[in-house]
Amino acid sequence: MLNVRIGTRGSKLALAQTNNVLRLLTDAGISAESQIITTSGDAVLDRGLHQIGGQGVFVRELDNAILRGEIDAAVHSMKDIPAERPEGLITAAILPRDPPYDFFVFNCPVEKIFSVGTSSTRRRAQLLRYYHCMPQVRVEPLRGNVDTRLAKLNDGMYDAIVLAEAGLVRLGYHVNGVRLPAEHFVPSPNQGTVAVVCRDTPELREAFASLNDAQTAFDTGVERAVMEQVGGGCFTPQGIFCREGHLIAEVLSLDGTRSERIAEKVQSIEEATEIGAQFRDIASELIEEAKTALGLRS
């Protein structure tokens, strides 16, 4: 009998996501167990993600564990999965999407917010754009898991922080704050989505097939196709969001003062790829500028 070994990071959020997949597999009559794997992204908290290899740093160790045969699959926040994937692995299931929005969390009166914490170059640029007429508001680096970030807010290190709403929902956390609208704070591609990556075998593909949500798979596929064309990963401030084929994408300057944006209705992944290539040309100056500023160009 197949027993699926699923690797996961050890954070509360990663465990909550993995436990949900375990429950779904159990409901489908499939035996599964979890195994915690610590990644370098979890261990290094004193530098921004762009300084330690981007969001993909959370995925590589789990990929390698699958390829070495130590585990069969891994559960990830889909936005962490890099565009380039190792041979022998597939994204076997994409679960129904949770809220894809950013959430602005604060405890003090809005007029007393002067420091906002975020780990994302995209969120930083979008916040700087929003606060462009209020230079007294500072956007400051913030790393750590959800609990760590909320603790720093509660300890008064920041007046407000920005988190993915999906993480709060999956953890069952109720915090004071507001949802940021996707039209003005375009989310990261695949934000709010959980994906299962596994070794590419017929048995594992069949085991996870029932967990896949077709609409979410299409929308996130559109976002990923555009992302792969634009490039830049977490290094370039970019938001890419698709809902039922309606696509919004933007690239910003690091300081939020300039941006390029498109809004399209997309019918296929191939069309999304073409749109992404066109958008890359439109936003090329901002993309290269960000790479140079962050030391990715000599």
# chains A, B, ... in the order shown; residues from 1 in each chain; ligands from 1
$ residues_around --residues "Ile282 of chain A" --least-positions-apart "4" --cutoff "12 Å" --atoms "only C-alpha atoms" --output "PyMOL selection string"
chain A and resi 229-230+249-252+259-262+275-278+286-288
$ select_by_dssp --residues "segment 196-246 of chain A" --states "alpha helix (DSSP H)" --output "list in words"
Pro202, Glu203, Leu204, Arg205, Glu206, Ala207, Phe208, Ala214, Gln215, Thr216, Ala217, Phe218, Asp219, Thr220, Gly221, Val222, Glu223, Arg224, Ala225, Val226, Met227, Glu228, Gln229 and Val230 of chain A
$ residues_around --residues "segment 99-111 of chain A" --least-positions-apart "5" --cutoff "8 Å" --atoms "only C-alpha atoms" --output "list in words"
Leu153, Asn154, Asp159, Ala160, Ile161, Val162, Leu163, Ala164, Glu165, Ala166, Val175, Asn176, Gly177, Val178, Arg179, Leu180, Pro181, Ala182, Phe185, Val186, Pro187, Asn190, Gln191, Gly192 and Thr193 of chain A
$ write_last_selection --atoms "N, CA, C and O atoms" --output "mmCIF file, in the first residue's frame"
data_model
loop_
_atom_site.group_PDB
_atom_site.id
_atom_site.type_symbol
_atom_site.label_atom_id
_atom_site.label_comp_id
_atom_site.auth_asym_id
_atom_site.auth_seq_id
_atom_site.Cartn_x
_atom_site.Cartn_y
_atom_site.Cartn_z
ATOM 1 N N LEU A 153 5.172 43.509 15.849
ATOM 2 C CA LEU A 153 4.156 44.564 15.820
ATOM 3 C C LEU A 153 3.628 44.824 17.230
ATOM 4 O O LEU A 153 3.550 45.981 17.677
ATOM 5 N N ASN A 154 3.291 43.761 17.929
ATOM 6 C CA ASN A 154 2.726 43.910 19.270
ATOM 7 C C ASN A 154 3.733 44.470 20.268
ATOM 8 O O ASN A 154 3.343 45.097 21.264
ATOM 9 N N ASP A 159 4.561 50.195 13.637
ATOM 10 C CA ASP A 159 3.189 50.658 13.859
ATOM 11 C C ASP A 159 2.188 49.821 13.070
ATOM 12 O O ASP A 159 1.011 49.735 13.435
ATOM 13 N N ALA A 160 2.663 49.229 11.976
ATOM 14 C CA ALA A 160 1.817 48.374 11.137
ATOM 15 C C ALA A 160 2.714 47.410 10.373
ATOM 16 O O ALA A 160 3.911 47.669 10.196
ATOM 17 N N ILE A 161 2.157 46.310 9.947
ATOM 18 C CA ILE A 161 2.872 45.367 9.098
ATOM 19 C C ILE A 161 1.935 44.887 8.006
ATOM 20 O O ILE A 161 0.712 45.007 8.125
ATOM 21 N N VAL A 162 2.512 44.339 6.935
ATOM 22 C CA VAL A 162 1.699 43.788 5.847
ATOM 23 C C VAL A 162 1.998 42.305 5.730
ATOM 24 O O VAL A 162 3.157 41.891 5.644
ATOM 25 N N LEU A 163 0.936 41.495 5.732
ATOM 26 C CA LEU A 163 1.039 40.049 5.624
ATOM 27 C C LEU A 163 0.102 39.561 4.523
ATOM 28 O O LEU A 163 -0.832 40.261 4.124
ATOM 29 N N ALA A 164 0.339 38.341 4.057
ATOM 30 C CA ALA A 164 -0.623 37.705 3.165
ATOM 31 C C ALA A 164 -1.852 37.300 3.968
ATOM 32 O O ALA A 164 -1.738 36.641 5.006
ATOM 33 N N GLU A 165 -3.030 37.700 3.519
ATOM 34 C CA GLU A 165 -4.253 37.360 4.242
ATOM 35 C C GLU A 165 -4.443 35.853 4.341
ATOM 36 O O GLU A 165 -4.955 35.337 5.351
ATOM 37 N N ALA A 166 -4.005 35.127 3.325
ATOM 38 C CA ALA A 166 -4.189 33.673 3.324
ATOM 39 C C ALA A 166 -3.522 33.018 4.518
ATOM 40 O O ALA A 166 -4.057 32.069 5.096
ATOM 41 N N VAL A 175 -6.978 39.374 13.463
ATOM 42 C CA VAL A 175 -6.164 40.526 13.852
ATOM 43 C C VAL A 175 -6.840 41.806 13.392
ATOM 44 O O VAL A 175 -7.692 41.798 12.496
ATOM 45 N N ASN A 176 -6.457 42.899 14.020
ATOM 46 C CA ASN A 176 -6.996 44.188 13.618
ATOM 47 C C ASN A 176 -6.312 44.661 12.340
ATOM 48 O O ASN A 176 -5.082 44.645 12.243
ATOM 49 N N GLY A 177 -7.094 45.071 11.374
ATOM 50 C CA GLY A 177 -6.492 45.552 10.140
ATOM 51 C C GLY A 177 -7.494 45.589 9.008
ATOM 52 O O GLY A 177 -8.698 45.406 9.208
ATOM 53 N N VAL A 178 -6.970 45.794 7.789
ATOM 54 C CA VAL A 178 -7.825 45.895 6.606
ATOM 55 C C VAL A 178 -7.189 45.136 5.450
ATOM 56 O O VAL A 178 -5.970 45.052 5.323
ATOM 57 N N ARG A 179 -8.059 44.577 4.628
ATOM 58 C CA ARG A 179 -7.616 43.950 3.378
ATOM 59 C C ARG A 179 -7.216 45.043 2.390
ATOM 60 O O ARG A 179 -7.936 46.042 2.232
ATOM 61 N N LEU A 180 -6.082 44.859 1.713
ATOM 62 C CA LEU A 180 -5.651 45.812 0.696
ATOM 63 C C LEU A 180 -6.195 45.369 -0.662
ATOM 64 O O LEU A 180 -5.976 44.229 -1.075
ATOM 65 N N PRO A 181 -6.900 46.235 -1.373
ATOM 66 C CA PRO A 181 -7.550 45.834 -2.624
ATOM 67 C C PRO A 181 -6.532 45.467 -3.698
ATOM 68 O O PRO A 181 -5.510 46.140 -3.875
ATOM 69 N N ALA A 182 -6.829 44.396 -4.436
ATOM 70 C CA ALA A 182 -5.899 43.898 -5.449
ATOM 71 C C ALA A 182 -5.693 44.899 -6.584
ATOM 72 O O ALA A 182 -4.647 44.889 -7.250
ATOM 73 N N PHE A 185 -3.055 47.228 -4.770
ATOM 74 C CA PHE A 185 -1.933 46.482 -4.216
ATOM 75 C C PHE A 185 -1.963 45.102 -4.876
ATOM 76 O O PHE A 185 -2.395 44.118 -4.283
ATOM 77 N N VAL A 186 -1.519 45.062 -6.139
ATOM 78 C CA VAL A 186 -1.591 43.823 -6.912
ATOM 79 C C VAL A 186 -0.753 42.750 -6.220
ATOM 80 O O VAL A 186 0.421 42.959 -5.939
ATOM 81 N N PRO A 187 -1.341 41.596 -5.895
ATOM 82 C CA PRO A 187 -0.603 40.572 -5.152
ATOM 83 C C PRO A 187 0.535 39.949 -5.955
ATOM 84 O O PRO A 187 0.601 40.076 -7.186
ATOM 85 N N ASN A 190 0.591 33.924 -7.715
ATOM 86 C CA ASN A 190 0.272 32.685 -6.981
ATOM 87 C C ASN A 190 0.041 32.887 -5.496
ATOM 88 O O ASN A 190 -0.098 31.911 -4.744
ATOM 89 N N GLN A 191 -0.023 34.136 -5.020
ATOM 90 C CA GLN A 191 -0.282 34.378 -3.595
ATOM 91 C C GLN A 191 -1.645 33.809 -3.200
ATOM 92 O O GLN A 191 -2.615 33.909 -3.941
ATOM 93 N N GLY A 192 -1.695 33.190 -2.017
ATOM 94 C CA GLY A 192 -2.926 32.609 -1.524
ATOM 95 C C GLY A 192 -3.171 31.185 -1.985
ATOM 96 O O GLY A 192 -4.236 30.613 -1.724
ATOM 97 N N THR A 193 -2.173 30.593 -2.651
ATOM 98 C CA THR A 193 -2.349 29.271 -3.239
ATOM 99 C C THR A 193 -1.345 28.283 -2.663
ATOM 100 O O THR A 193 -0.167 28.606 -2.511
#
